[in-house]
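In what follows, a single structure is set out as structure tokens and then discussed.
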Amino acid sequence: MLQFLRGMPKIELHAHLNGSLNIGSIRELAAKVYGVQTKEFSALCERFIKFEKGAKLDECFEKFGLMHELTATKEGLESATELVIRDFAKDNVIYVELRTTPKSNENMSRRSYLDTVLGVIRKTSDLYNIKVKLLPSINRAEPVDVAEETVALAVELSAIEPDIIVGIDFSGNPNQGKFKDFMPVLNKARNHGLKLAMHCAEVDNPLEIREMLRFGMSRCGHGTYLSASGFEYMKEENIPIECCLTSNVKSGTVANIGVHHLKQLMEADAPKVLCTDDSGVFDTTLTDEFFLATESFGLTRSQCIALTMEAVEHAFATREEKLMLKMQIYSYTRRQNK
Ligand SMILES: CNc1ncnc2c1ncn2[C@@H]1O[C@H](COP(=O)(O)O)[C@@H](O)[C@H]1O
Ligand SMILES: [Zn+2]
């Protein structure tokens, strides 16, 4: 099964750029950014992927600091973006929607942050034979005027790169910031034709969850705390839940893999996609996530293929792109069945 899943062409719809830097790539990047690698740095890396049992979601957000330091320069960000794209391609991901929060510091403005990432995407898609889209992220822990700048840039750049910038991600620590404050800016993005992928119901906040469902979205990140009626609503509206198994277990938003809502979504034939979230922080790959799903819920090969086809349906891609992706997946299944 593992071999079948490794070879399967896969679709990744929920991946944060900085969170997707795996340990090997962090070391590679650190060697570039800092010159030589120290023992202390290696020890730091080891600690970085360790999650104590009973870890809380808040702890995850502290971990991003390490990568943010490595990607604080144009060179660091360029290398990181290429490494992440390379690593997804190595795992036979044929289509990835990367999300990232544009950051400004003494080296870069938010515009140059996005330009840098876009430049690498343009350069590496063909090199690694992978289709890459970009969703600029709004970090809910930051002020609304930062979100406004991000959306203005996304709107402007999507007119220049409509094949790459296709949507906006709403993310950040769900225990910080109020969704309601971001509604006008998210609405603006939507009115400009950008799709909304929103982290929703990652923590138990019924009032906010209701506000988000009323507001609507194209895809829902996590949905770990959706109520029965919330799940029903998602099914009725054909809004897929982006299920990130390892992320949810390690960050403690589901008690254990056995009770993950993927099982419920499969049984209800409700829309869902399997994703990694932060493959670096959570030390996983999309292949690992599929394997975990087969081990935990008994998914068969054909169910894995069906899940992949479902991901194509929910991708923010054009009809032609979806057709090409489906053909690649179909041709893999035909080769396997020979
Ligand atoms: C664990 N579940 C999660 N829930 C909410 N937001 C998350 C997240 N995982 C990652 N991020 C968001 O993505 C950023 C890292 O990538 P970028 O610097 O943007 O590329 C984090 O700082 C956080 O804002
Ligand atoms: Zn996420």
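Going by the structure tokens order, chains are called A, B, ..., each with residues numbered from 1, while ligands are numbered from 1 in the order shown.
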Produce a table with one row for each residue of chain A that has an atom at most 7 Å from any atom of ligand 1, each row naming the nearest atom pair and its distance in Å at one decimal; use only C-alpha atoms and all ligand atoms; arrange rows by chain and rising residue number; format as a tab-separated table.
residue	atom	partner	partner_atom_place_in_ligand_line	distance
A:His16	CA	ligand 1	16 (O)	4.4
A:Leu17	CA	ligand 1	20 (O)	3.9
A:Asn18	CA	ligand 1	20 (O)	3.8
A:Gly19	CA	ligand 1	15 (C)	5.0
A:Leu57	CA	ligand 1	1 (C)	6.6
A:Cys60	CA	ligand 1	1 (C)	6.2
A:Phe61	CA	ligand 1	22 (O)	6.1
A:Phe64	CA	ligand 1	22 (O)	5.5
A:His68	CA	ligand 1	18 (O)	6.4
A:Arg99	CA	ligand 1	19 (O)	6.2
A:Thr100	CA	ligand 1	19 (O)	3.5
A:Thr101	CA	ligand 1	19 (O)	3.7
A:Ser137	CA	ligand 1	19 (O)	6.1
A:Asn139	CA	ligand 1	24 (O)	5.1
A:Ser171	CA	ligand 1	6 (N)	4.1
A:Gly172	CA	ligand 1	24 (O)	3.5
A:Asn173	CA	ligand 1	5 (C)	5.1
A:Pro174	CA	ligand 1	5 (C)	6.3
A:His199	CA	ligand 1	5 (C)	6.3
A:Ser247	CA	ligand 1	1 (C)	6.0
A:Ser251	CA	ligand 1	1 (C)	6.6
A:Asp277	CA	ligand 1	9 (N)	6.1
A:Asp278	CA	ligand 1	9 (N)	5.9
Which residues, written as number ranges by chain, have at least one atom at most 9 Å from region 236-241 of chain A, with only C-alpha atoms counted and residues fewer than 3 positions away on the same chain left out?
A: 216-223, 231-233, 262, 265, 270-274, 311, 314
Per DSSP on the backbone, filter region 89-337 of chain A down to the residues in alpha helix (DSSP H) and report them as a count of residues only.
128
To test your reading of the structure, identify every residue in region 80-326 of chain A that backbone DSSP assigns to strand (DSSP E or B), and report it as an NGL selection string.
:A and (93-100 or 131-139 or 165 or 167-171 or 195-200 or 219-222 or 241-243 or 272-274 or 277)
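Our summary of the geometry notes that CA of Gly280 (chain A) is positioned 6.4 Å from CA of Ile23 (chain A).
Nearest residue to Asn129 (chain A) among A:Arg86, A:Arg47, A:Lys63, A:His260 is A:Arg86, counting only C-alpha atoms.
Going from CA of Leu207 (chain A) over to CA of Gly230 (chain A), you cover 12.1 Å.
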With a distance cut-off of 10 Å and only C-alpha atoms, select the neighbouring residues of Gly298 (chain A), excluding the residue or stretch itself and same-chain residues fewer than 6 positions from it, and output the selection as a ChimeraX atom specification.
/A:263,291-292
How many Å lie between CA of Glu75 (chain A) and CA of Asp115 (chain A), rounded to one decimal?
12.5 Å
